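Structure file structure17.cif; described as mmCIF, C-alpha atoms.
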```
data_coords
loop_
_atom_site.label_atom_id
_atom_site.label_comp_id
_atom_site.auth_asym_id
_atom_site.auth_seq_id
_atom_site.Cartn_x
_atom_site.Cartn_y
_atom_site.Cartn_z
CA MET A 1 52.42 -10.03 78.60
CA PHE A 2 51.18 -8.86 81.99
CA ILE A 3 49.47 -5.48 82.07
CA PHE A 4 49.16 -3.66 85.34
CA TYR A 5 46.72 -0.94 86.28
CA SER A 6 47.18 2.42 87.93
CA GLU A 7 45.32 5.72 87.91
CA ASN A 8 48.04 7.28 89.98
CA ILE A 9 50.15 9.14 87.42
CA VAL A 10 52.13 12.28 88.20
CA ASN A 11 54.12 13.76 85.35
CA ASP A 12 56.17 10.87 83.97
CA ILE A 13 55.84 8.67 87.05
CA VAL A 14 53.22 5.94 87.52
CA ILE A 15 52.78 4.70 91.08
CA ILE A 16 51.64 1.11 91.65
CA ASP A 17 50.36 -0.33 94.93
CA GLY A 18 48.00 -3.02 96.29
CA ASP A 19 47.71 -6.39 94.58
CA ASP A 20 49.78 -5.30 91.58
CA TYR A 21 52.58 -4.31 93.95
CA LYS A 22 52.60 -7.84 95.39
CA HIS A 23 52.36 -9.45 91.96
CA ILE A 24 55.29 -7.44 90.57
CA THR A 25 57.60 -7.69 93.57
CA ARG A 26 56.77 -11.16 94.95
CA SER A 27 55.50 -13.34 92.08
CA LEU A 28 57.41 -11.77 89.21
CA ARG A 29 60.37 -10.63 91.39
CA LYS A 30 60.89 -7.51 89.32
CA ARG A 31 63.75 -5.20 90.25
CA GLU A 32 64.71 -1.58 89.61
CA GLY A 33 65.40 -1.04 85.90
CA ASP A 34 63.01 -3.83 84.76
CA GLU A 35 60.38 -3.02 82.18
CA ILE A 36 56.65 -3.36 82.86
CA PHE A 37 53.42 -2.37 81.07
CA ILE A 38 50.79 -0.29 82.77
CA THR A 39 47.40 0.98 81.63
CA ASP A 40 45.37 3.78 83.16
CA GLY A 41 42.10 2.11 82.05
CA ASN A 42 41.48 5.10 79.84
CA GLY A 43 42.94 3.77 76.60
CA ASN A 44 46.58 4.49 77.41
CA LEU A 45 49.30 1.85 77.59
CA TYR A 46 52.56 2.89 79.21
CA THR A 47 55.82 1.06 78.83
CA CYS A 48 57.64 1.83 82.06
CA SER A 49 60.95 1.24 83.75
CA ILE A 50 60.87 0.50 87.46
CA LYS A 51 62.55 3.48 89.09
CA GLU A 52 62.17 2.74 92.77
CA LEU A 53 60.74 -0.15 94.82
CA LYS A 54 59.35 1.31 98.03
CA LYS A 55 57.80 -0.56 100.93
CA GLN A 56 54.27 -0.66 99.51
CA GLU A 57 54.61 1.24 96.26
CA ILE A 58 56.52 1.02 93.02
CA TYR A 59 57.57 4.19 91.22
CA CYS A 60 57.70 3.58 87.47
CA GLU A 61 59.06 5.97 84.86
CA ILE A 62 57.15 6.17 81.58
CA ILE A 63 59.49 5.46 78.67
CA ASN A 64 56.87 4.97 75.98
CA GLU A 65 53.17 5.69 75.60
CA ALA A 66 50.52 4.38 73.20
CA SER A 67 46.90 5.56 73.03
CA PHE A 68 43.94 3.52 71.86
CA SER A 69 40.41 4.61 70.99
CA LYS A 70 37.03 2.90 70.96
CA ASN A 71 34.84 2.37 67.91
CA LYS A 72 31.62 1.93 69.85
CA ARG A 73 30.47 3.03 73.26
CA LEU A 74 27.77 1.28 75.23
CA HIS A 75 26.41 2.53 78.53
CA ILE A 76 24.42 -0.04 80.52
CA ALA A 77 22.16 1.10 83.35
CA ILE A 78 21.09 -1.93 85.34
CA GLY A 79 19.02 -2.84 88.37
CA VAL A 80 21.00 -4.28 91.27
CA THR A 81 20.33 -8.00 91.79
CA LYS A 82 19.35 -9.51 95.13
CA ASN A 83 22.35 -11.84 94.96
CA PRO A 84 25.50 -9.69 94.54
CA ALA A 85 27.31 -12.52 92.70
CA ARG A 86 24.94 -12.02 89.76
CA ILE A 87 25.71 -8.32 89.29
CA GLU A 88 29.41 -9.16 89.69
CA THR A 89 29.15 -11.75 86.89
CA PHE A 90 27.56 -9.04 84.75
CA VAL A 91 30.35 -6.55 85.49
CA GLU A 92 33.06 -9.13 84.73
CA LYS A 93 31.52 -10.15 81.40
CA ALA A 94 30.53 -6.61 80.35
CA THR A 95 34.10 -5.46 81.00
CA GLU A 96 35.53 -8.33 78.94
CA ILE A 97 33.16 -7.52 76.08
CA GLY A 98 34.17 -3.85 76.29
CA VAL A 99 31.25 -1.89 77.80
CA ASP A 100 32.10 1.78 78.23
CA GLN A 101 30.03 2.73 81.25
CA ILE A 102 27.90 0.99 83.86
CA SER A 103 25.31 2.74 86.03
CA PHE A 104 23.52 0.98 88.87
CA LEU A 105 19.88 1.95 89.24
CA HIS A 106 17.34 1.79 92.00
CA PHE A 107 13.91 0.83 90.67
CA LYS A 108 10.55 0.66 92.43
CA HIS A 109 10.68 -3.16 92.34
CA SER A 110 14.37 -3.45 93.27
CA GLU A 111 14.79 -5.86 96.15
CA LYS A 112 18.20 -4.43 96.87
CA SER A 113 19.70 -1.01 96.41
CA ARG A 114 23.21 -1.25 97.72
CA ILE A 115 26.35 -2.26 95.92
CA LYS A 116 29.96 -2.57 96.96
CA LEU A 117 31.50 -0.32 94.34
CA ASP A 118 35.08 -0.97 95.54
CA ARG A 119 34.65 -4.71 95.15
CA ILE A 120 32.94 -4.27 91.77
CA LYS A 121 35.79 -2.04 90.58
CA ARG A 122 38.36 -4.70 91.55
CA ILE A 123 36.40 -7.26 89.50
CA ALA A 124 36.33 -4.88 86.53
CA ILE A 125 40.07 -4.19 86.76
CA SER A 126 40.81 -7.91 86.83
CA ALA A 127 38.51 -8.54 83.82
CA MET A 128 40.12 -5.66 81.91
CA LYS A 129 43.60 -7.12 82.44
CA GLN A 130 42.43 -10.66 81.66
CA SER A 131 40.91 -9.56 78.37
CA GLY A 132 44.00 -7.59 77.32
CA GLN A 133 42.23 -4.26 77.17
CA TYR A 134 43.26 -0.73 78.12
CA PHE A 135 39.77 0.46 78.98
CA LEU A 136 38.03 0.19 82.33
CA PRO A 137 34.29 0.91 82.27
CA ALA A 138 33.20 3.96 84.22
CA LEU A 139 31.26 2.63 87.24
CA ASN A 140 28.64 4.99 88.61
CA GLU A 141 27.20 4.88 92.14
CA ILE A 142 23.63 3.71 92.55
CA GLN A 143 21.01 6.33 91.68
CA THR A 144 17.30 6.63 91.03
CA VAL A 145 15.80 6.18 87.58
CA GLU A 146 14.51 9.76 87.70
CA ASN A 147 17.98 11.07 88.32
CA PHE A 148 19.56 8.90 85.65
CA ILE A 149 17.11 10.02 82.98
CA GLN A 150 18.17 13.68 83.33
CA ASN A 151 21.36 13.19 81.35
CA ILE A 152 20.45 10.79 78.58
CA THR A 153 19.98 11.32 74.83
CA PRO A 154 16.57 9.79 74.00
CA SER A 155 17.43 8.98 70.36
CA SER A 156 20.17 6.54 71.45
CA THR A 157 18.64 5.31 74.72
CA PHE A 158 16.64 2.10 75.02
CA TYR A 159 15.01 0.00 77.69
CA GLY A 160 14.79 -3.77 77.59
CA HIS A 161 11.21 -4.92 77.52
CA MET A 162 9.52 -8.30 77.45
CA THR A 163 6.90 -7.63 74.78
CA LYS A 164 7.49 -9.58 71.61
CA GLU A 165 5.88 -7.06 69.26
CA ILE A 166 8.64 -4.48 69.52
CA LYS A 167 11.89 -3.86 67.69
CA SER A 168 14.95 -5.87 68.69
CA PHE A 169 17.91 -4.03 70.27
CA LYS A 170 20.01 -5.48 67.44
CA ASP A 171 17.92 -3.76 64.74
CA ALA A 172 17.26 -0.58 66.71
CA SER A 173 20.96 0.05 67.42
CA LEU A 174 22.34 -1.09 64.07
CA ASN A 175 23.69 2.26 62.90
CA LEU A 176 24.67 3.74 66.25
CA ASN A 177 28.20 4.12 67.58
CA GLU A 178 26.98 5.17 71.01
CA ALA A 179 24.00 3.82 72.89
CA THR A 180 22.54 3.51 76.37
CA ILE A 181 20.32 0.63 77.47
CA ILE A 182 18.35 0.36 80.69
CA ILE A 183 17.92 -3.16 82.12
CA GLY A 184 15.20 -3.56 84.74
CA PRO A 185 15.36 -5.23 88.15
CA GLU A 186 14.30 -8.78 89.04
CA GLY A 187 10.77 -7.54 89.75
CA HIS A 188 10.61 -5.82 86.32
CA PHE A 189 9.80 -2.16 85.70
CA SER A 190 6.78 -0.65 87.42
CA LYS A 191 3.96 0.73 85.27
CA GLU A 192 5.04 4.26 86.31
CA GLU A 193 8.62 3.60 85.18
CA VAL A 194 7.47 2.38 81.76
CA ASP A 195 5.21 5.46 81.41
CA PHE A 196 8.13 7.62 82.46
CA PHE A 197 10.41 6.05 79.79
CA ASN A 198 7.76 6.51 77.14
CA GLU A 199 7.27 10.17 78.08
CA ALA A 200 11.04 10.71 77.88
CA GLU A 201 10.91 9.09 74.40
CA ILE A 202 13.19 6.26 75.44
CA GLN A 203 12.61 3.34 73.07
CA ALA A 204 11.45 -0.12 74.18
CA VAL A 205 13.50 -2.95 72.65
CA THR A 206 13.61 -6.71 73.05
CA LEU A 207 16.83 -8.62 73.77
CA GLY A 208 15.65 -11.87 72.21
CA PRO A 209 12.83 -14.39 72.35
CA THR A 210 13.45 -15.74 75.88
CA ARG A 211 13.04 -14.31 79.38
CA LEU A 212 16.49 -13.41 80.66
CA ARG A 213 17.81 -12.88 84.15
CA VAL A 214 18.96 -9.32 84.90
CA GLU A 215 22.67 -10.06 84.54
CA THR A 216 22.12 -12.19 81.43
CA ALA A 217 20.14 -9.36 79.80
CA GLY A 218 23.09 -7.04 80.47
CA ILE A 219 25.59 -9.49 78.95
CA VAL A 220 23.36 -10.14 75.92
CA ALA A 221 22.95 -6.37 75.32
CA SER A 222 26.76 -5.98 75.48
CA SER A 223 27.26 -8.82 72.98
CA ILE A 224 24.64 -7.51 70.57
CA PHE A 225 26.04 -3.98 70.47
CA LEU A 226 29.80 -4.61 70.70
CA SER A 227 30.50 -7.93 68.95
CA MET B 1 3.16 -19.71 86.55
CA PHE B 2 5.44 -22.51 87.74
CA ILE B 3 6.56 -24.97 85.10
CA PHE B 4 7.88 -28.35 86.17
CA TYR B 5 10.10 -30.70 84.23
CA SER B 6 9.86 -34.39 83.53
CA GLU B 7 11.10 -36.72 80.82
CA ASN B 8 9.21 -39.57 82.39
CA ILE B 9 6.03 -39.77 80.31
CA VAL B 10 4.11 -43.00 79.75
CA ASN B 11 0.97 -42.75 77.65
CA ASP B 12 -1.05 -39.93 79.23
CA ILE B 13 0.77 -40.00 82.56
CA VAL B 14 3.71 -37.77 83.51
CA ILE B 15 5.68 -38.86 86.57
CA ILE B 16 7.43 -36.21 88.68
CA ASP B 17 10.07 -36.88 91.34
CA GLY B 18 13.13 -35.24 92.97
CA ASP B 19 13.19 -31.51 93.69
CA ASP B 20 9.98 -30.86 91.75
CA TYR B 21 8.23 -33.47 93.91
CA LYS B 22 9.26 -31.56 97.04
CA HIS B 23 8.36 -28.21 95.51
CA ILE B 24 4.88 -29.35 94.48
CA THR B 25 3.98 -31.27 97.64
CA ARG B 26 5.75 -29.25 100.36
CA SER B 27 6.09 -25.63 99.17
CA LEU B 28 3.01 -25.41 96.97
CA ARG B 29 1.02 -28.02 98.96
CA LYS B 30 -0.72 -29.32 95.84
CA ARG B 31 -3.27 -32.08 96.24
CA GLU B 32 -4.87 -34.67 93.99
CA GLY B 33 -7.04 -33.00 91.34
CA ASP B 34 -4.94 -29.78 91.30
CA GLU B 35 -3.65 -28.49 87.97
CA ILE B 36 0.06 -28.12 87.19
CA PHE B 37 2.14 -27.37 84.09
CA ILE B 38 4.91 -29.69 82.98
CA THR B 39 7.38 -29.52 80.09
CA ASP B 40 9.46 -32.34 78.68
CA GLY B 41 12.22 -29.91 77.63
CA ASN B 42 11.50 -30.86 74.07
CA GLY B 43 9.08 -28.07 73.16
CA ASN B 44 5.98 -29.62 74.73
CA LEU B 45 3.95 -28.03 77.50
CA TYR B 46 1.48 -30.27 79.29
CA THR B 47 -1.40 -29.06 81.40
CA CYS B 48 -1.88 -31.86 83.90
CA SER B 49 -4.15 -32.86 86.72
CA ILE B 50 -2.53 -34.51 89.73
CA LYS B 51 -3.82 -38.08 89.75
CA GLU B 52 -1.94 -39.64 92.61
CA LEU B 53 0.55 -38.41 95.21
CA LYS B 54 2.89 -41.29 96.04
CA LYS B 55 5.70 -41.34 98.58
CA GLN B 56 8.37 -39.91 96.24
CA GLU B 57 6.52 -39.50 92.98
CA ILE B 58 3.54 -37.65 91.60
CA TYR B 59 1.43 -39.21 88.85
CA CYS B 60 -0.05 -36.49 86.65
CA GLU B 61 -2.64 -36.98 83.94
CA ILE B 62 -2.23 -34.92 80.77
CA ILE B 63 -5.38 -32.94 80.10
CA ASN B 64 -4.01 -30.58 77.47
CA GLU B 65 -0.88 -30.39 75.33
CA ALA B 66 0.78 -27.54 73.40
CA SER B 67 3.84 -27.88 71.16
CA PHE B 68 6.35 -25.15 70.40
CA SER B 69 9.08 -25.01 67.76
CA LYS B 70 12.38 -23.17 67.45
CA ASN B 71 13.25 -20.62 64.78
CA LYS B 72 17.00 -21.00 65.13
CA ARG B 73 19.21 -23.76 66.40
CA LEU B 74 22.70 -23.17 67.78
CA HIS B 75 25.05 -25.96 68.80
CA ILE B 76 28.01 -24.84 70.94
CA ALA B 77 31.01 -27.14 71.35
CA ILE B 78 33.18 -25.78 74.14
CA GLY B 79 36.38 -26.57 76.00
CA VAL B 80 35.91 -27.46 79.66
CA THR B 81 37.23 -24.75 81.98
CA LYS B 82 39.64 -25.41 84.84
CA ASN B 83 37.16 -23.89 87.29
CA PRO B 84 33.85 -25.79 86.94
CA ALA B 85 31.87 -22.70 88.05
CA ARG B 86 32.81 -21.01 84.77
CA ILE B 87 31.40 -23.75 82.53
CA GLU B 88 28.32 -23.83 84.77
CA THR B 89 27.80 -20.08 84.26
CA PHE B 90 28.04 -20.71 80.52
CA VAL B 91 25.44 -23.51 80.63
CA GLU B 92 23.05 -21.40 82.70
CA LYS B 93 23.29 -18.38 80.40
CA ALA B 94 23.29 -20.42 77.15
CA THR B 95 20.12 -22.20 78.31
CA GLU B 96 18.42 -18.90 79.17
CA ILE B 97 19.34 -17.49 75.75
CA GLY B 98 18.01 -20.65 74.09
CA VAL B 99 20.98 -22.69 72.82
CA ASP B 100 19.85 -25.96 71.26
CA GLN B 101 22.79 -28.24 72.00
CA ILE B 102 26.01 -28.15 74.03
CA SER B 103 28.97 -30.47 73.47
CA PHE B 104 31.96 -30.53 75.81
CA LEU B 105 35.28 -31.01 74.05
CA HIS B 106 38.70 -32.19 75.09
CA PHE B 107 41.43 -30.15 73.39
CA LYS B 108 45.18 -30.59 73.41
CA HIS B 109 45.56 -27.55 75.68
CA SER B 110 42.61 -28.38 77.95
CA GLU B 111 43.68 -28.27 81.57
CA LYS B 112 40.67 -30.30 82.55
CA SER B 113 38.66 -32.93 80.77
CA ARG B 114 36.01 -34.01 83.21
CA ILE B 115 32.58 -32.59 83.78
CA LYS B 116 29.74 -33.46 86.10
CA LEU B 117 27.01 -33.88 83.53
CA ASP B 118 24.33 -34.58 86.16
CA ARG B 119 25.08 -31.34 87.96
CA ILE B 120 25.24 -29.44 84.67
CA LYS B 121 21.88 -30.86 83.62
CA ARG B 122 20.30 -29.71 86.88
CA ILE B 123 21.61 -26.18 86.23
CA ALA B 124 20.19 -26.28 82.69
CA ILE B 125 16.78 -27.49 83.92
CA SER B 126 16.66 -24.69 86.48
CA ALA B 127 17.65 -22.08 83.86
CA MET B 128 15.04 -23.44 81.43
CA LYS B 129 12.29 -23.08 84.04
CA GLN B 130 13.53 -19.66 85.17
CA SER B 131 13.47 -18.34 81.60
CA GLY B 132 9.98 -19.68 80.91
CA GLN B 133 11.07 -21.97 78.10
CA TYR B 134 10.02 -25.47 77.06
CA PHE B 135 13.36 -26.45 75.57
CA LEU B 136 16.30 -27.99 77.39
CA PRO B 137 19.57 -28.00 75.45
CA ALA B 138 20.90 -31.44 74.57
CA LEU B 139 24.03 -31.94 76.72
CA ASN B 140 26.64 -34.25 75.23
CA GLU B 141 29.34 -36.06 77.21
CA ILE B 142 32.94 -34.90 76.79
CA GLN B 143 34.61 -36.09 73.59
CA THR B 144 37.69 -35.41 71.50
CA VAL B 145 37.75 -32.78 68.77
CA GLU B 146 38.48 -35.49 66.18
CA ASN B 147 35.38 -37.38 67.20
CA PHE B 148 33.21 -34.28 67.26
CA ILE B 149 34.23 -33.22 63.76
CA GLN B 150 32.89 -36.47 62.24
CA ASN B 151 29.28 -35.34 62.39
CA ILE B 152 29.35 -31.65 61.54
CA THR B 153 28.23 -29.75 58.44
CA PRO B 154 31.23 -27.59 57.43
CA SER B 155 29.14 -24.87 55.72
CA SER B 156 27.40 -24.00 59.00
CA THR B 157 30.25 -24.79 61.43
CA PHE B 158 32.63 -22.17 62.77
CA TYR B 159 35.44 -21.88 65.27
CA GLY B 160 36.12 -18.80 67.37
CA HIS B 161 39.53 -17.36 66.61
CA MET B 162 41.46 -14.39 67.93
CA THR B 163 42.71 -12.97 64.63
CA LYS B 164 41.19 -9.61 63.81
CA GLU B 165 41.39 -9.96 60.04
CA ILE B 166 38.64 -12.55 59.75
CA LYS B 167 34.89 -12.40 59.39
CA SER B 168 32.77 -11.85 62.46
CA PHE B 169 30.46 -14.64 63.62
CA LYS B 170 27.64 -12.10 63.35
CA ASP B 171 28.24 -11.55 59.61
CA ALA B 172 29.17 -15.15 58.83
CA SER B 173 26.00 -16.58 60.40
CA LEU B 174 23.59 -13.85 59.29
CA ASN B 175 21.44 -15.98 57.00
CA LEU B 176 21.66 -19.29 58.83
CA ASN B 177 18.92 -20.88 60.91
CA GLU B 178 21.22 -23.59 62.17
CA ALA B 179 24.86 -23.25 63.13
CA THR B 180 27.59 -24.89 65.18
CA ILE B 181 30.43 -22.97 66.81
CA ILE B 182 33.54 -24.42 68.45
CA ILE B 183 34.97 -22.44 71.39
CA GLY B 184 38.54 -23.30 72.39
CA PRO B 185 39.95 -24.07 75.83
CA GLU B 186 41.75 -21.64 78.17
CA GLY B 187 45.08 -22.54 76.54
CA HIS B 188 43.61 -21.84 73.06
CA PHE B 189 43.62 -24.24 70.11
CA SER B 190 46.84 -26.04 69.22
CA LYS B 191 48.36 -25.45 65.78
CA GLU B 192 47.30 -29.00 64.83
CA GLU B 193 43.71 -28.31 65.84
CA VAL B 194 43.58 -25.14 63.73
CA ASP B 195 45.06 -27.05 60.75
CA PHE B 196 42.51 -29.77 61.33
CA PHE B 197 39.61 -27.26 61.31
CA ASN B 198 40.92 -25.66 58.13
CA GLU B 199 41.23 -29.04 56.40
CA ALA B 200 37.66 -29.86 57.43
CA GLU B 201 36.62 -26.48 55.91
CA ILE B 202 35.34 -25.20 59.22
CA GLN B 203 35.36 -21.42 59.10
CA ALA B 204 37.31 -19.18 61.49
CA VAL B 205 35.25 -16.32 62.92
CA THR B 206 35.83 -13.61 65.50
CA LEU B 207 33.45 -12.97 68.40
CA GLY B 208 34.36 -9.32 68.80
CA PRO B 209 37.33 -7.03 69.30
CA THR B 210 38.33 -8.17 72.82
CA ARG B 211 39.87 -11.34 74.23
CA LEU B 212 37.12 -13.29 75.94
CA ARG B 213 37.22 -15.99 78.57
CA VAL B 214 35.97 -19.40 77.42
CA GLU B 215 32.55 -19.11 79.06
CA THR B 216 32.13 -15.49 77.96
CA ALA B 217 32.90 -16.47 74.34
CA GLY B 218 30.16 -19.11 74.58
CA ILE B 219 27.63 -16.61 75.97
CA VAL B 220 28.56 -13.97 73.37
CA ALA B 221 28.17 -16.53 70.54
CA SER B 222 24.72 -17.47 71.89
CA SER B 223 23.68 -13.80 72.05
CA ILE B 224 24.94 -13.02 68.55
CA PHE B 225 23.13 -15.94 66.92
CA LEU B 226 19.91 -16.10 68.92
CA SER B 227 19.04 -12.53 69.94
#
```

Could you show the structure in this file as structure tokens?
Amino acid sequence: MFIFYSENIVNDIVIIDGDDYKHITRSLRKREGDEIFITDGNGNLYTCSIKELKKQEIYCEIINEASFSKNKRLHIAIGVTKNPARIETFVEKATEIGVDQISFLHFKHSEKSRIKLDRIKRIAISAMKQSGQYFLPALNEIQTVENFIQNITPSSTFYGHMTKEIKSFKDASLNLNEATIIIGPEGHFSKEEVDFFNEAEIQAVTLGPTRLRVETAGIVASSIFLS
Amino acid sequence: MFIFYSENIVNDIVIIDGDDYKHITRSLRKREGDEIFITDGNGNLYTCSIKELKKQEIYCEIINEASFSKNKRLHIAIGVTKNPARIETFVEKATEIGVDQISFLHFKHSEKSRIKLDRIKRIAISAMKQSGQYFLPALNEIQTVENFIQNITPSSTFYGHMTKEIKSFKDASLNLNEATIIIGPEGHFSKEEVDFFNEAEIQAVTLGPTRLRVETAGIVASSIFLS
């Protein structure tokens, strides 16, 4: 079963464009009256009937609606990698595993602080469809650590650290249904950032016995919390 | 600290060639008498003194030796993906996370049944160095499921399945220090393969609530068992 994605819903009509438009009209050769499934990436699955095929858009009428909810919510705040392919791998895998929200952070030791959010969103949409889910992670524009910290709940927020003498993320998050974890950049956190986390009562956790790349740390954190 | 890799050890001499040779002689401009660190990928770290720089090889004398051991051993047997980049991502991440052994399997629904083991080994060596480890996963040539099953221990062997009503790999492997998990191909297991696993008393486990790509399933299994 193919599931398409659209955020463009007005009353009982879902409008599809872009790649999904091409897929539906050219590859699948769907016609008016045919049934298709669409998700809004927000836990809703719509069974629709194609009402009108326009030049670059499809108007679909909702004939049935099912809503899904999440058991656990993980927010990952991650440093942008020098090589964009690595952060894209993270986004693809985190979406498959079911991460709820991704924030991109600028750290003192970040070698890069730009991301192509449009491209990243396309990767997430594709991974969501591929993994048969109806949830797209919220993807937040790059921001500073200081800014990000304003809105967190310290009791369920963690940062991945390399020290071996601290609690594992697995143990620390065992009884939580919602958590946030901060993953540092390739150059690691600065001393000031670690002090800042400690002052904000954000808890240091380890993600395992080995030294992980940024994107691997993000995928491992997703697996630990959501699997 | 740079760590180099060589399997070529004769008495107290470690011989280095290939990319590490270039790295040591050209980038780092090491000379005879300089100290370097070498691992054999088998848990041993050698502190060496460069004895002789030859045209394409470096002879290093072992001056100190430290041995490390593993707490947990995970063997992942995985279907080869159609796109080789996906299985390479799996090998890189699994090595970083510390997987002990990787077997490549040919399933009935495999779309591809060839791998470039040399290339895969180079990726694993690079990931081992990057993650500061002294263990390289054993990488086994592609084989049939029937062949693979001959040498497993059913009580600690699992296969990843999509059914939601089964035990999670996390719970099923909780008290094990050694485990093997079989990850199916893109076309999933055939009915015969599932019957075959059940007859061999290999246990079905789930890797989480979402449908994962082959390589993601392998990374998630590594994270669950080793983190």

- How many Å separate CA of Phe189 (chain A) from CA of His75 (chain A)? 18.7 Å

Could you tell me which residues of chain B sit within 12 Å of chain A when counting all atoms listed in the file, and give me the result as a JSON list (two decimals) with C-alpha atoms, in the frame of the given file?
```json
[["chain", "number", "residue", "atom", "x", "y", "z"],
["B", 70, "LYS", "CA", 12.38, -23.17, 67.45],
["B", 71, "ASN", "CA", 13.25, -20.62, 64.78],
["B", 72, "LYS", "CA", 17.00, -21.00, 65.13],
["B", 85, "ALA", "CA", 31.87, -22.70, 88.05],
["B", 86, "ARG", "CA", 32.81, -21.01, 84.77],
["B", 89, "THR", "CA", 27.80, -20.08, 84.26],
["B", 90, "PHE", "CA", 28.04, -20.71, 80.52],
["B", 91, "VAL", "CA", 25.44, -23.51, 80.63],
["B", 92, "GLU", "CA", 23.05, -21.40, 82.70],
["B", 93, "LYS", "CA", 23.29, -18.38, 80.40],
["B", 94, "ALA", "CA", 23.29, -20.42, 77.15],
["B", 95, "THR", "CA", 20.12, -22.20, 78.31],
["B", 96, "GLU", "CA", 18.42, -18.90, 79.17],
["B", 97, "ILE", "CA", 19.34, -17.49, 75.75],
["B", 98, "GLY", "CA", 18.01, -20.65, 74.09],
["B", 99, "VAL", "CA", 20.98, -22.69, 72.82],
["B", 127, "ALA", "CA", 17.65, -22.08, 83.86],
["B", 128, "MET", "CA", 15.04, -23.44, 81.43],
["B", 129, "LYS", "CA", 12.29, -23.08, 84.04],
["B", 130, "GLN", "CA", 13.53, -19.66, 85.17],
["B", 131, "SER", "CA", 13.47, -18.34, 81.60],
["B", 132, "GLY", "CA", 9.98, -19.68, 80.91],
["B", 133, "GLN", "CA", 11.07, -21.97, 78.10],
["B", 134, "TYR", "CA", 10.02, -25.47, 77.06],
["B", 135, "PHE", "CA", 13.36, -26.45, 75.57],
["B", 162, "MET", "CA", 41.46, -14.39, 67.93],
["B", 164, "LYS", "CA", 41.19, -9.61, 63.81],
["B", 167, "LYS", "CA", 34.89, -12.40, 59.39],
["B", 168, "SER", "CA", 32.77, -11.85, 62.46],
["B", 169, "PHE", "CA", 30.46, -14.64, 63.62],
["B", 170, "LYS", "CA", 27.64, -12.10, 63.35],
["B", 171, "ASP", "CA", 28.24, -11.55, 59.61],
["B", 186, "GLU", "CA", 41.75, -21.64, 78.17],
["B", 205, "VAL", "CA", 35.25, -16.32, 62.92],
["B", 206, "THR", "CA", 35.83, -13.61, 65.50],
["B", 207, "LEU", "CA", 33.45, -12.97, 68.40],
["B", 208, "GLY", "CA", 34.36, -9.32, 68.80],
["B", 209, "PRO", "CA", 37.33, -7.03, 69.30],
["B", 210, "THR", "CA", 38.33, -8.17, 72.82],
["B", 211, "ARG", "CA", 39.87, -11.34, 74.23],
["B", 212, "LEU", "CA", 37.12, -13.29, 75.94],
["B", 213, "ARG", "CA", 37.22, -15.99, 78.57],
["B", 214, "VAL", "CA", 35.97, -19.40, 77.42],
["B", 215, "GLU", "CA", 32.55, -19.11, 79.06],
["B", 216, "THR", "CA", 32.13, -15.49, 77.96],
["B", 217, "ALA", "CA", 32.90, -16.47, 74.34],
["B", 218, "GLY", "CA", 30.16, -19.11, 74.58],
["B", 219, "ILE", "CA", 27.63, -16.61, 75.97],
["B", 220, "VAL", "CA", 28.56, -13.97, 73.37],
["B", 221, "ALA", "CA", 28.17, -16.53, 70.54],
["B", 222, "SER", "CA", 24.72, -17.47, 71.89],
["B", 223, "SER", "CA", 23.68, -13.80, 72.05],
["B", 224, "ILE", "CA", 24.94, -13.02, 68.55],
["B", 225, "PHE", "CA", 23.13, -15.94, 66.92],
["B", 226, "LEU", "CA", 19.91, -16.10, 68.92],
["B", 227, "SER", "CA", 19.04, -12.53, 69.94]]
```

- For the structure shown, which residues end up in the PyMOL selection byres ((chain A and resi 49) around 12)? Put them as JSON, numbers by chain, please? {"A": [12, 13, 14, 15, 30, 31, 32, 33, 34, 35, 36, 37, 38, 46, 47, 48, 50, 51, 52, 53, 58, 59, 60, 61, 62, 63, 64]}

Running the PyMOL selection byres ((chain A and resi 202) around 6) on this model by hand, what would come out? Give it as a JSON list (two decimals) with C-alpha atoms, keeping the file's coordinate frame.
```
[["chain", "number", "residue", "atom", "x", "y", "z"],
["A", 154, "PRO", "CA", 16.57, 9.79, 74.00],
["A", 157, "THR", "CA", 18.64, 5.31, 74.72],
["A", 158, "PHE", "CA", 16.64, 2.10, 75.02],
["A", 197, "PHE", "CA", 10.41, 6.05, 79.79],
["A", 198, "ASN", "CA", 7.76, 6.51, 77.14],
["A", 200, "ALA", "CA", 11.04, 10.71, 77.88],
["A", 201, "GLU", "CA", 10.91, 9.09, 74.40],
["A", 203, "GLN", "CA", 12.61, 3.34, 73.07]]
```

- Task: Mind giving me the straight-line distance from CA of Phe2 (chain A) to CA of Ile182 (chain B) in Å, one decimal?
- Result: 27.1 Å

- Message: I need the residue nearest Leu28 (chain B) from this list: B:Ser190, B:His109, B:Met1, B:Ala124. Use all atoms listed in the file for the distance.
- Response: B:Met1

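Between CA of Ala172 (chain B) and CA of Gly43 (chain B) the interatomic distance comes to 27.9 Å.
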
- Task: Run the PyMOL selection byres ((chain B and resi 22) around 12) against the file shown and list the residues it catches, as a list in words.
- Result: Phe4, Ile16, Asp17, Gly18, Asp19, Asp20, Tyr21, His23, Ile24, Thr25, Arg26, Ser27, Leu28, Arg29, Lys30, Leu53, Lys54, Lys55, Gln56, Glu57 and Ile58 of chain B

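Distance check against Phe104 (chain A) using only C-alpha atoms: of A:Ser126, A:Thr163, A:Thr144, A:Ser67, the minimum falls on A:Thr144.
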
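Taking only C-alpha atoms into account, Glu192 (chain B) lies nearest to B:Val145 out of the set B:Val145, B:Asp118, B:Ile9, B:Leu139.
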